[in-house]
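J.: Got a structure for you, input00.txt, holding compact mmCIF, C-alpha atoms.
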```
# COMPACT_ATOMS: atom_id res chain seq x y z
CA ASP A 442 62.15 40.97 5.76
CA PRO A 443 62.37 37.98 8.07
CA ILE A 444 63.59 34.64 6.81
CA VAL A 445 60.67 32.18 6.93
CA PHE A 446 60.91 28.41 6.97
CA ASP A 447 57.94 26.07 6.48
CA VAL A 448 58.50 22.72 8.17
CA VAL A 449 56.13 19.81 7.55
CA LEU A 450 56.68 16.54 9.40
CA THR A 451 55.57 13.32 7.72
CA ALA A 452 55.87 9.91 9.41
CA THR A 453 57.08 7.10 7.13
CA ASP A 454 58.66 3.70 7.72
CA VAL A 455 62.17 2.80 6.52
CA ASN A 456 60.82 1.96 3.04
CA GLY A 457 59.30 5.41 2.63
CA VAL A 458 55.72 4.18 3.09
CA ASN A 459 53.35 6.36 5.09
CA ILE A 460 52.79 4.50 8.38
CA GLY A 461 49.18 5.46 8.78
CA VAL A 462 49.41 8.90 10.29
CA ASP A 463 46.19 10.77 9.59
CA GLU A 464 46.77 13.86 7.42
CA ASN A 465 45.01 15.94 10.05
CA SER A 466 47.55 14.92 12.66
CA ILE A 467 50.55 16.25 10.71
CA THR A 468 51.58 19.63 12.03
CA SER A 469 53.05 22.40 9.94
CA TYR A 470 55.30 24.85 11.76
CA ARG A 471 56.17 28.31 10.46
CA VAL A 472 59.30 29.72 12.03
CA SER A 473 60.22 33.34 11.46
CA THR A 474 63.82 34.31 12.12
CA PRO A 475 64.30 38.04 11.60
CA CYS A 476 67.81 39.24 11.08
CA PRO A 477 69.21 41.15 14.06
CA ILE A 478 69.98 44.85 13.86
CA MET A 479 73.65 44.82 12.94
CA THR A 480 74.45 48.16 11.36
CA SER A 481 77.69 48.67 9.53
CA ALA A 482 79.97 51.57 10.32
CA ASN A 483 79.95 53.01 6.79
CA TYR A 484 77.34 53.33 4.04
CA ASN A 485 77.16 54.40 0.43
CA VAL A 486 74.27 56.84 0.02
CA ASP A 487 72.44 57.18 -3.29
CA VAL A 488 70.43 60.40 -3.44
CA ILE A 489 67.42 61.20 -5.62
CA GLY A 490 66.33 64.84 -5.54
CA PRO A 491 63.68 66.74 -7.50
CA GLY A 492 65.84 66.77 -10.64
CA GLY A 493 66.83 63.10 -10.43
CA ALA A 494 69.96 61.44 -9.09
CA THR A 495 72.60 63.63 -7.50
CA PRO A 496 76.13 62.60 -6.48
CA SER A 497 76.26 59.64 -4.13
CA HIS A 498 78.46 59.87 -1.07
CA SER A 499 79.72 57.80 1.84
CA VAL A 500 78.66 58.37 5.40
CA ALA A 501 79.73 56.93 8.74
CA LEU A 502 77.12 56.00 11.34
CA VAL A 503 78.42 57.19 14.71
CA PRO A 504 76.60 55.48 17.59
CA VAL A 505 75.14 57.84 20.18
CA VAL A 506 76.66 56.84 23.53
CA GLY A 507 74.10 55.58 26.04
CA THR A 508 71.38 54.85 23.47
CA ASN A 509 70.28 51.86 21.45
CA ASN A 510 70.03 52.15 17.67
CA GLN A 511 70.68 55.89 17.42
CA PHE A 512 73.41 57.22 15.16
CA ASN A 513 74.75 60.61 14.15
CA VAL A 514 75.68 61.27 10.51
CA ALA A 515 77.72 64.23 9.28
CA SER A 516 75.60 64.65 6.16
CA THR A 517 72.35 62.95 5.22
CA TRP A 518 72.07 64.13 1.62
CA GLY A 519 75.77 64.59 0.97
CA PRO A 520 78.26 67.41 0.59
CA ASN A 521 77.40 68.08 -3.06
CA PHE A 522 73.60 67.77 -3.02
CA VAL A 523 72.83 71.50 -2.92
CA ALA A 524 75.41 72.25 -5.63
CA ALA A 525 73.88 69.56 -7.87
CA ALA A 526 70.28 70.56 -7.09
CA THR A 527 70.92 74.23 -7.88
CA GLY A 528 73.47 73.77 -10.64
CA ASP A 529 75.79 76.10 -8.72
CA PRO A 530 79.18 74.54 -7.86
CA SER A 531 79.88 77.31 -5.33
CA TYR A 532 77.55 75.42 -2.94
CA GLU A 533 79.79 72.31 -2.85
CA GLY A 534 80.44 71.31 0.76
CA GLN A 535 77.71 73.58 2.13
CA PHE A 536 74.31 72.79 3.70
CA LEU A 537 75.32 69.25 4.69
CA TYR A 538 72.12 68.40 6.62
CA PRO A 539 73.70 66.50 9.55
CA GLY A 540 71.24 64.27 11.33
CA LEU A 541 70.34 61.80 14.03
CA ILE A 542 69.11 58.47 12.67
CA THR A 543 66.98 56.35 15.00
CA ILE A 544 66.03 52.75 14.23
CA ASN A 545 62.72 52.14 16.01
CA ASP A 546 61.59 48.78 17.42
CA ASP A 547 59.36 48.14 14.36
CA LEU A 548 62.36 48.84 12.05
CA THR A 549 60.97 52.16 10.91
CA VAL A 550 63.53 54.93 10.87
CA THR A 551 63.29 58.56 11.92
CA VAL A 552 65.83 61.22 11.01
CA SER A 553 66.11 64.52 12.87
CA PRO A 554 68.34 67.39 11.76
CA THR A 555 71.05 68.08 14.34
CA ALA A 556 72.41 71.45 13.22
CA ALA A 557 70.61 74.48 14.62
CA THR A 558 71.03 76.19 11.26
CA GLN A 559 69.64 73.26 9.26
CA SER A 560 66.29 73.84 7.60
CA GLY A 561 63.99 70.86 7.34
CA ASP A 562 61.71 68.60 9.22
CA GLY A 563 63.89 65.50 9.04
CA GLY A 564 62.74 62.29 7.51
CA SER A 565 61.41 58.80 7.90
CA GLY A 566 61.82 55.42 6.32
CA THR A 567 62.67 51.80 6.98
CA TYR A 568 65.68 49.67 7.84
CA ASP A 569 66.13 46.25 6.22
CA THR A 570 68.08 44.26 8.82
CA CYS A 571 68.84 41.32 6.54
CA ASN A 572 70.44 43.46 3.82
CA ASP A 573 71.66 46.33 6.05
CA VAL A 574 69.90 48.95 3.89
CA PHE A 575 68.11 52.14 4.91
CA LEU A 576 65.40 53.67 2.69
CA ILE A 577 64.71 57.22 3.87
CA THR A 578 62.62 60.12 2.60
CA MET A 579 63.93 63.51 3.77
CA THR A 580 62.03 66.78 3.81
CA GLN A 581 63.77 70.13 3.59
CA GLY A 582 63.23 73.78 4.20
CA LEU A 583 66.36 75.14 2.56
CA PHE A 584 64.75 75.80 -0.82
CA THR A 585 61.65 77.96 -1.32
CA THR A 586 59.81 75.14 -3.10
CA ASP A 587 58.90 72.09 -0.99
CA PHE A 588 60.28 68.78 -2.16
CA THR A 589 61.58 65.52 -0.75
CA VAL A 590 64.88 63.73 -1.17
CA GLU A 591 65.05 59.93 -1.36
CA LEU A 592 68.07 58.27 0.23
CA THR A 593 69.18 54.66 -0.13
CA MET A 594 71.95 53.85 2.35
CA SER A 595 73.71 50.55 1.56
CA ALA A 596 76.40 49.06 3.78
CA LEU A 597 79.94 49.27 2.41
```
For this file, write the structure as structure tokens.

T.:
Amino acid sequence: DPIVFDVVLTATDVNGVNIGVDENSITSYRVSTPCPIMTSANYNVDVIGPGGATPSHSVALVPVVGTNNQFNVASTWGPNFVAAATGDPSYEGQFLYPGLITINDDLTVTVSPTAATQSGDGGSGTYDTCNDVFLITMTQGLFTTDFTVELTMSAL
């Protein structure tokens, strides 16, 4: 969200008395100063799957050379998501769901899977520039039942 300032100018003399400026001639200015896109290198990712919260993880955003606001991540939903979602620890470290995160001009976010073997349609969400937080909803095709995964990526 942008930071908004309301500025109202009132003309008074040195004693604080209004010097006769008509109320209609006082101008109110609203200045919006959005925070610039300044992504951090590393984020903590909280993951909510169909059964509730699963293990959080850390992820590095790796800028894509020659692009603006595109980043590769090694794992969107984390190395232990599938193990937690299935209750089967043998899946730890598997099905990482690597992705390409793009911050669009309107601060919406798109996520595309980058592994040819990854099932899923990617995801979408928003980027809060002032707090350096991504809110992303991921879809998947790994499991037979459709569901979404909610990610909150907070700068470390």

J.: Quick one: of A:Ile478, A:Leu541, A:Ser595, A:Ala524, who's nearest to A:Ala556, counting all atoms listed in the file?

T.: A:Leu541

J.: Using all atoms listed in the file, determine which residues lie at most 9 Å from A:Pro539, disregarding the query and same-chain residues fewer than 6 positions distant; provide the list as a list of chain:residue names.

T.: A:Asn513, A:Val514, A:Ala515, A:Ser516, A:Thr517, A:Trp518, A:Ser553, A:Pro554, A:Thr555, A:Ala556, A:Gln559

J.: In Å, with one decimal, what is the gap from atom CA of A:Asn510 to atom CA of A:Gln535?

T.: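 Those two atoms sit 27.6 Å apart.
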
J.: Determine, counting all atoms listed in the file, which protein, DNA and RNA residues have an atom within 12 Å of an atom of stretch 585-587 of chain A; residues of the same chain fewer than 3 positions away are not included. Present the result as a ChimeraX atom specification.

T.: /A:490-491,527,560-562,579-582,590

J.: What does the distance from atom CA of A:Ala494 to atom CA of A:Leu583 come to in Å, to one decimal?

T.: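 Those two atoms sit 18.3 Å apart.
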
J.: Would you mind telling me which residue in A:Thr508, A:Ser531, A:Ser497, A:Val503 lies nearest to A:Ala482 when using only C-alpha atoms?

T.: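 Answer, going by the shortest atom-to-atom distance: A:Val503.
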
J.: Work out how far atom CA of A:Gln511 is from atom CA of A:Asp546, in Å to one decimal.

T.: 11.5 Å

J.: May I ask which of the residues A:Thr551, A:Cys571, A:Ile544, A:Leu502 is the closest one to A:Tyr484, counting only C-alpha atoms?

T.: A:Leu502

J.: Between A:Tyr532, A:Phe512, A:Phe522, A:Tyr568, single out the one closest to A:Asp547, counting all atoms listed in the file.

T.: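 Smallest distance to A:Asp547 is found for A:Tyr568.
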
J.: Skipping near chain neighbours, those fewer than 2 positions away, what residues fall within 8 Å of A:Leu576 using all atoms listed in the file, listed as a VMD selection string?

T.: chain A and resid 566 to 568 574 578 591 to 594

J.: So, counting only C-alpha atoms, which residue among A:Val506, A:Val523, A:Ala501, A:Val552 is closest to A:Phe584?

T.: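 Closest to A:Phe584 of all the choices is A:Val523.
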
J.: Using all atoms listed in the file, which of A:Thr589, A:Thr543, A:Asn485, A:Thr480 sits nearest A:Val500?

T.: A:Asn485
